[in-house]
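J.: Pasting final-v8.pdb below, which is PDB, C-alpha atoms.
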```
ATOM      1  CA  MET X   1      24.869 -52.947  25.428
ATOM      2  CA  ARG X   2      27.694 -51.165  23.577
ATOM      3  CA  LEU X   3      25.514 -48.069  23.272
ATOM      4  CA  PHE X   4      24.950 -48.241  27.002
ATOM      5  CA  TYR X   5      28.719 -48.227  27.628
ATOM      6  CA  LEU X   6      29.281 -45.338  25.224
ATOM      7  CA  LEU X   7      26.635 -43.256  26.974
ATOM      8  CA  ILE X   8      28.293 -43.897  30.317
ATOM      9  CA  ILE X   9      31.696 -42.856  28.967
ATOM     10  CA  LEU X  10      30.274 -39.668  27.482
ATOM     11  CA  THR X  11      28.570 -38.814  30.761
ATOM     12  CA  LEU X  12      31.823 -39.368  32.613
ATOM     13  CA  PHE X  13      33.768 -36.945  30.437
ATOM     14  CA  LEU X  14      31.067 -34.307  30.692
ATOM     15  CA  LYS X  15      30.927 -34.515  34.472
ATOM     16  CA  GLY X  16      34.703 -34.754  34.900
ATOM     17  CA  CYS X  17      34.415 -36.625  38.185
ATOM     18  CA  PHE X  18      34.017 -40.136  39.527
ATOM     19  CA  SER X  19      31.885 -41.873  42.099
ATOM     20  CA  SER X  20      33.293 -44.683  44.213
ATOM     21  CA  TYR X  21      32.021 -47.103  41.567
ATOM     22  CA  PRO X  22      33.396 -47.435  38.005
ATOM     23  CA  MET X  23      32.143 -45.138  35.265
ATOM     24  CA  ASN X  24      30.438 -42.879  37.795
ATOM     25  CA  LEU X  25      27.706 -45.412  38.552
ATOM     26  CA  THR X  26      25.672 -45.245  41.718
ATOM     27  CA  LYS X  27      25.789 -48.109  44.161
ATOM     28  CA  GLU X  28      22.352 -49.294  43.024
ATOM     29  CA  GLU X  29      23.302 -49.204  39.334
ATOM     30  CA  TYR X  30      26.514 -51.090  39.969
ATOM     31  CA  GLN X  31      24.845 -53.823  42.009
ATOM     32  CA  GLN X  32      22.385 -54.495  39.181
ATOM     33  CA  LEU X  33      25.224 -55.492  36.819
ATOM     34  CA  ASN X  34      26.449 -59.051  36.457
ATOM     35  CA  LEU X  35      30.085 -59.967  37.127
ATOM     36  CA  GLN X  36      31.177 -59.754  33.479
ATOM     37  CA  ASP X  37      29.707 -56.287  33.013
ATOM     38  CA  ARG X  38      31.375 -55.118  36.228
ATOM     39  CA  LEU X  39      34.757 -56.322  34.993
ATOM     40  CA  ILE X  40      34.257 -54.603  31.635
ATOM     41  CA  LEU X  41      33.334 -51.317  33.286
ATOM     42  CA  LYS X  42      36.276 -51.513  35.688
ATOM     43  CA  GLU X  43      38.621 -52.012  32.754
ATOM     44  CA  LYS X  44      37.158 -49.023  30.908
ATOM     45  CA  GLN X  45      37.362 -46.980  34.106
ATOM     46  CA  ALA X  46      41.049 -47.880  34.465
ATOM     47  CA  GLN X  47      41.705 -46.779  30.875
ATOM     48  CA  LEU X  48      39.968 -43.452  31.454
ATOM     49  CA  ASP X  49      41.793 -42.896  34.726
ATOM     50  CA  ASN X  50      45.092 -43.522  32.989
ATOM     51  CA  LYS X  51      44.270 -41.011  30.234
ATOM     52  CA  LEU X  52      43.331 -38.418  32.834
ATOM     53  CA  ARG X  53      46.554 -39.036  34.759
ATOM     54  CA  ILE X  54      48.582 -38.574  31.574
ATOM     55  CA  GLN X  55      46.749 -35.317  30.816
ATOM     56  CA  ARG X  56      47.349 -34.094  34.376
ATOM     57  CA  VAL X  57      51.058 -34.906  34.217
ATOM     58  CA  LYS X  58      51.380 -33.079  30.879
ATOM     59  CA  LYS X  59      49.666 -30.003  32.340
ATOM     60  CA  GLU X  60      51.955 -30.076  35.379
ATOM     61  CA  GLN X  61      55.022 -30.402  33.165
ATOM     62  CA  GLU X  62      53.911 -27.472  31.029
ATOM     63  CA  ALA X  63      53.222 -25.362  34.125
ATOM     64  CA  ASN X  64      56.676 -26.227  35.534
ATOM     65  CA  LYS X  65      58.293 -25.356  32.218
ATOM     66  CA  GLN X  66      56.574 -21.972  32.124
ATOM     67  CA  ALA X  67      57.512 -21.294  35.744
ATOM     68  CA  HIS X  68      61.166 -22.133  35.012
ATOM     69  CA  GLU X  69      61.227 -19.898  31.944
ATOM     70  CA  LEU X  70      59.707 -17.020  33.919
ATOM     71  CA  ALA X  71      62.296 -17.472  36.670
ATOM     72  CA  LEU X  72      65.135 -17.266  34.138
ATOM     73  CA  ILE X  73      63.704 -14.139  32.515
ATOM     74  CA  GLU X  74      63.222 -12.367  35.843
ATOM     75  CA  SER X  75      66.653 -13.436  37.086
ATOM     76  CA  LYS X  76      68.287 -11.789  34.064
ATOM     77  CA  LYS X  77      66.242  -8.613  34.623
ATOM     78  CA  VAL X  78      67.333  -8.431  38.260
ATOM     79  CA  GLU X  79      70.971  -9.050  37.301
ATOM     80  CA  LYS X  80      70.881  -6.160  34.822
ATOM     81  CA  LEU X  81      69.164  -3.950  37.398
ATOM     82  CA  TYR X  82      71.962  -4.506  39.935
ATOM     83  CA  LYS X  83      74.598  -3.632  37.345
ATOM     84  CA  ARG X  84      73.064  -0.309  36.379
ATOM     85  CA  SER X  85      71.422   0.787  39.637
ATOM     86  CA  PRO X  86      73.021   3.932  41.129
ATOM     87  CA  GLU X  87      72.021   3.010  44.677
ATOM     88  CA  LYS X  88      71.419   0.056  46.985
ATOM     89  CA  LEU X  89      69.447  -0.251  50.188
ATOM     90  CA  PHE X  90      70.899  -2.446  52.935
ATOM     91  CA  VAL X  91      68.256  -3.893  55.235
ATOM     92  CA  SER X  92      68.210  -5.888  58.455
ATOM     93  CA  ILE X  93      65.044  -7.066  60.195
ATOM     94  CA  THR X  94      65.320  -8.168  63.807
ATOM     95  CA  GLN X  95      63.415  -8.587  67.058
ATOM     96  CA  GLY X  96      59.638  -8.571  67.360
ATOM     97  CA  GLU X  97      57.427 -11.456  66.323
ATOM     98  CA  ILE X  98      56.294 -12.881  62.970
ATOM     99  CA  LYS X  99      53.489 -15.395  62.523
ATOM    100  CA  GLN X 100      53.488 -16.325  66.197
ATOM    101  CA  LEU X 101      57.088 -17.521  66.226
ATOM    102  CA  LYS X 102      57.265 -16.844  69.942
ATOM    103  CA  LYS X 103      60.651 -18.540  70.266
ATOM    104  CA  GLY X 104      62.057 -16.093  67.787
ATOM    105  CA  TYR X 105      62.961 -15.914  64.113
ATOM    106  CA  PHE X 106      65.917 -14.974  61.943
ATOM    107  CA  ILE X 107      66.054 -13.103  58.620
ATOM    108  CA  LYS X 108      69.436 -12.732  56.952
ATOM    109  CA  PRO X 109      70.450  -9.099  56.296
ATOM    110  CA  PHE X 110      70.147  -8.301  52.608
ATOM    111  CA  GLU X 111      70.503  -5.640  49.948
ATOM    112  CA  ILE X 112      67.860  -4.526  47.492
ATOM    113  CA  VAL X 113      67.800  -2.062  44.598
ATOM    114  CA  PRO X 114      65.036   0.246  43.323
ATOM    115  CA  TYR X 115      62.135  -1.531  41.575
ATOM    116  CA  GLU X 116      63.161  -4.943  42.900
ATOM    117  CA  VAL X 117      60.718  -7.245  44.667
ATOM    118  CA  LYS X 118      62.513  -9.804  46.819
ATOM    119  CA  ARG X 119      61.482 -12.943  48.675
ATOM    120  CA  LEU X 120      62.959 -13.346  52.154
ATOM    121  CA  ASN X 121      63.239 -16.593  54.058
ATOM    122  CA  VAL X 122      62.054 -16.410  57.655
ATOM    123  CA  TYR X 123      63.921 -19.026  59.689
ATOM    124  CA  ARG X 124      63.120 -20.396  63.091
ATOM    125  CA  LYS X 125      65.605 -18.976  65.566
ATOM    126  CA  ASN X 126      68.788 -21.052  65.912
ATOM    127  CA  SER X 127      67.665 -23.253  63.027
ATOM    128  CA  ASN X 128      68.193 -23.627  59.285
ATOM    129  CA  ARG X 129      64.540 -24.510  58.830
ATOM    130  CA  VAL X 130      62.492 -22.026  56.789
ATOM    131  CA  HIS X 131      59.178 -21.321  58.511
ATOM    132  CA  HIS X 132      57.719 -19.143  55.758
ATOM    133  CA  ASN X 133      58.585 -16.358  53.308
ATOM    134  CA  ILE X 134      57.981 -12.635  53.385
ATOM    135  CA  TRP X 135      58.061 -10.323  50.356
ATOM    136  CA  VAL X 136      59.612  -6.854  50.305
ATOM    137  CA  SER X 137      60.279  -4.204  47.676
ATOM    138  CA  PHE X 138      62.299  -1.021  47.276
ATOM    139  CA  GLN X 139      60.445   1.564  45.210
ATOM    140  CA  PRO X 140      61.193   5.273  44.646
ATOM    141  CA  GLU X 141      58.575   6.221  47.229
ATOM    142  CA  GLY X 142      59.812   3.896  49.958
ATOM    143  CA  PHE X 143      60.446   0.426  51.319
ATOM    144  CA  TYR X 144      57.549  -2.048  51.203
ATOM    145  CA  ILE X 145      57.366  -4.984  53.565
ATOM    146  CA  GLY X 146      54.664  -7.646  53.733
ATOM    147  CA  LEU X 147      53.581  -7.827  50.095
ATOM    148  CA  TYR X 148      51.083 -10.554  49.225
ATOM    149  CA  LEU X 149      51.887 -11.963  45.784
ATOM    150  CA  PRO X 150      49.744 -14.097  43.466
ATOM    151  CA  LYS X 151      50.546 -17.801  43.400
ATOM    152  CA  GLN X 152      52.118 -17.703  39.916
ATOM    153  CA  LEU X 153      54.929 -15.453  41.203
ATOM    154  CA  GLN X 154      55.636 -17.035  44.563
ATOM    155  CA  HIS X 155      58.261 -19.448  43.187
ATOM    156  CA  LEU X 156      60.542 -16.550  42.186
ATOM    157  CA  ASN X 157      63.416 -15.316  44.347
ATOM    158  CA  SER X 158      63.103 -11.775  43.048
ATOM    159  CA  PHE X 159      61.784  -9.824  40.102
ATOM    160  CA  VAL X 160      61.479  -6.291  38.776
ATOM    161  CA  THR X 161      58.385  -4.088  38.685
ATOM    162  CA  ALA X 162      57.666  -0.369  38.526
ATOM    163  CA  ASN X 163      53.983  -0.941  39.277
ATOM    164  CA  ILE X 164      54.013  -2.249  42.828
ATOM    165  CA  GLU X 165      50.419  -1.132  43.432
ATOM    166  CA  GLU X 166      49.090  -3.959  41.275
ATOM    167  CA  PHE X 167      49.896  -6.395  44.068
ATOM    168  CA  PHE X 168      47.706  -4.777  46.702
ATOM    169  CA  THR X 169      45.333  -2.225  45.147
ATOM    170  CA  ASN X 170      42.523  -4.783  44.847
ATOM    171  CA  SER X 171      43.735  -7.052  47.627
ATOM    172  CA  TYR X 172      42.734  -7.367  51.259
ATOM    173  CA  TYR X 173      46.403  -7.637  52.213
ATOM    174  CA  HIS X 174      48.217  -4.304  52.135
ATOM    175  CA  PRO X 175      51.963  -4.036  52.863
ATOM    176  CA  TYR X 176      53.587  -1.753  55.386
ATOM    177  CA  VAL X 177      55.355   1.162  53.686
ATOM    178  CA  ILE X 178      58.278   3.091  55.148
ATOM    179  CA  PRO X 179      58.438   6.376  53.187
ATOM    180  CA  ARG X 180      61.791   7.177  51.653
ATOM    181  CA  SER X 181      63.876   9.495  53.783
ATOM    182  CA  GLN X 182      67.209  11.290  53.577
ATOM    183  CA  LYS X 183      67.906   9.748  56.978
ATOM    184  CA  TRP X 184      68.492   6.424  55.244
ATOM    185  CA  TYR X 185      71.908   7.717  54.169
ATOM    186  CA  PHE X 186      72.900   7.845  57.837
ATOM    187  CA  ASP X 187      71.334   4.567  58.992
ATOM    188  CA  ARG X 188      67.753   4.612  60.281
ATOM    189  CA  THR X 189      65.842   2.067  62.390
ATOM    190  CA  TYR X 190      62.035   1.764  62.437
ATOM    191  CA  ASN X 191      59.754  -0.147  64.780
ATOM    192  CA  ILE X 192      56.828  -1.466  62.735
ATOM    193  CA  THR X 193      53.757  -3.650  63.188
ATOM    194  CA  PHE X 194      51.493  -5.023  60.464
ATOM    195  CA  LYS X 195      49.143  -7.904  61.163
ATOM    196  CA  GLN X 196      47.015  -9.090  58.250
ATOM    197  CA  HIS X 197      48.729 -11.944  56.374
ATOM    198  CA  TYR X 198      52.113 -11.968  58.151
ATOM    199  CA  GLU X 199      51.015 -11.044  61.692
ATOM    200  CA  ALA X 200      54.211  -9.092  62.349
ATOM    201  CA  LYS X 201      54.599  -7.178  65.606
ATOM    202  CA  ASN X 202      57.269  -4.746  66.776
ATOM    203  CA  LEU X 203      59.848  -5.558  64.119
ATOM    204  CA  LYS X 204      63.011  -3.468  64.077
ATOM    205  CA  VAL X 205      63.801  -2.610  60.459
ATOM    206  CA  LYS X 206      67.182  -0.991  59.892
ATOM    207  CA  LEU X 207      67.708   0.788  56.551
ATOM    208  CA  TYR X 208      70.957   2.110  55.156
ATOM    209  CA  LEU X 209      71.122   3.615  51.669
ATOM    210  CA  ILE X 210      74.299   3.983  49.646
TER     211      ILE X 210
END
```
Using structure tokens, write down the structure that the file contains.
T.:
Amino acid sequence: MRLFYLLIILTLFLKGCFSSYPMNLTKEEYQQLNLQDRLILKEKQAQLDNKLRIQRVKKEQEANKQAHELALIESKKVEKLYKRSPEKLFVSITQGEIKQLKKGYFIKPFEIVPYEVKRLNVYRKNSNRVHHNIWVSFQPEGFYIGLYLPKQLQHLNSFVTANIEEFFTNSYYHPYVIPRSQKWYFDRTYNITFKQHYEAKNLKVKLYLI
């Protein structure tokens, strides 16, 4: 009987999943057991479940630790970038529609420096509630809006990259790009639409470079 239990445990680890009955047994297999055997298997199942929960918590803690460390590293990079950057781009995004927010939205005006990728909060109009986020970037060739970032970077507020193409070259979601212009030094407003992931229509994007 002990060999039987060991085989069940081994099978459980190899499969990595559970049925609705202990030790991954089928309904028919479970019903064939006597009461004592059922209690033994339930106890072993509880022990295995506990071990798996502990392993899952450890993995989550390690992932959170790595995410926190990455956020600190990128925050320091952005701080240094702002100190040494010779120029800043002031941006305001108004009007139009984003992700079917027909009652309106609000994005706080912001500043961004070359090579920075920044996460913007999109609020419901007349509310402090964040509906979703939108990613933008200022690169030497222009202003990018509507970037689609991998999950491992989405917890950041901003970070630095000189290779912005890596975020959309092999992706279905391509950002809208406003080519850099000398007109930015005198305040320039663009009316843009890009559907795909963000479903943005007729946004007024005002750019002012200093």
J.: Leaving out range 141-155 of chain X and any residue of its chain fewer than 6 positions from it, which residues lie within 10 Å of it when counting all atoms listed in the file, given as an NGL selection string?
T.: :X and (63 or 66-68 or 70-71 or 89 or 91 or 112 or 114 or 117-119 or 133-135 or 164-168 or 171-181 or 192 or 194-200 or 205 or 207)
J.: Using only C-alpha atoms for the distances, tell me which of X:Gln47, X:Gln139, X:Thr169, X:Gln32 is nearest to Val113 in chain X.
T.: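 Going through X:Gln47, X:Gln139, X:Thr169, X:Gln32 one by one, the smallest distance to Val113 in chain X is for X:Gln139.
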J.: Can you work out the spacing between CA of Ser137 in chain X and CA of Lys80 in chain X in Å, to one decimal?
T.: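 So the two atoms, CA of Ser137 in chain X and CA of Lys80 in chain X, lie 16.8 Å apart.
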J.: Please give the centre and size of the box around range 166-180 of chain X (axis-aligned, containing every atom listed in the file, 4 Å added per side), with values in Å to one decimal and written as lines of an AutoDock Vina configuration file.
T.:
```
center_x = 52.2
center_y = -0.2
center_z = 48.3
size_x = 27.3
size_y = 22.8
size_z = 22.1
```
J.: Taking the file as shown, find all residues satisfying the PyMOL selection byres ((chain X and resi 190) around 7) and write them as a list in words.
T.: Arg188, Thr189, Asn191, Ile192, Lys204, Val205 and Lys206 of chain X
J.: If the PyMOL selection byres ((chain X and resi 160) around 7) were run on this exact file, what residues would it hold? Put them as number ranges by chain.
T.: X: 74, 77-78, 115-117, 159, 161
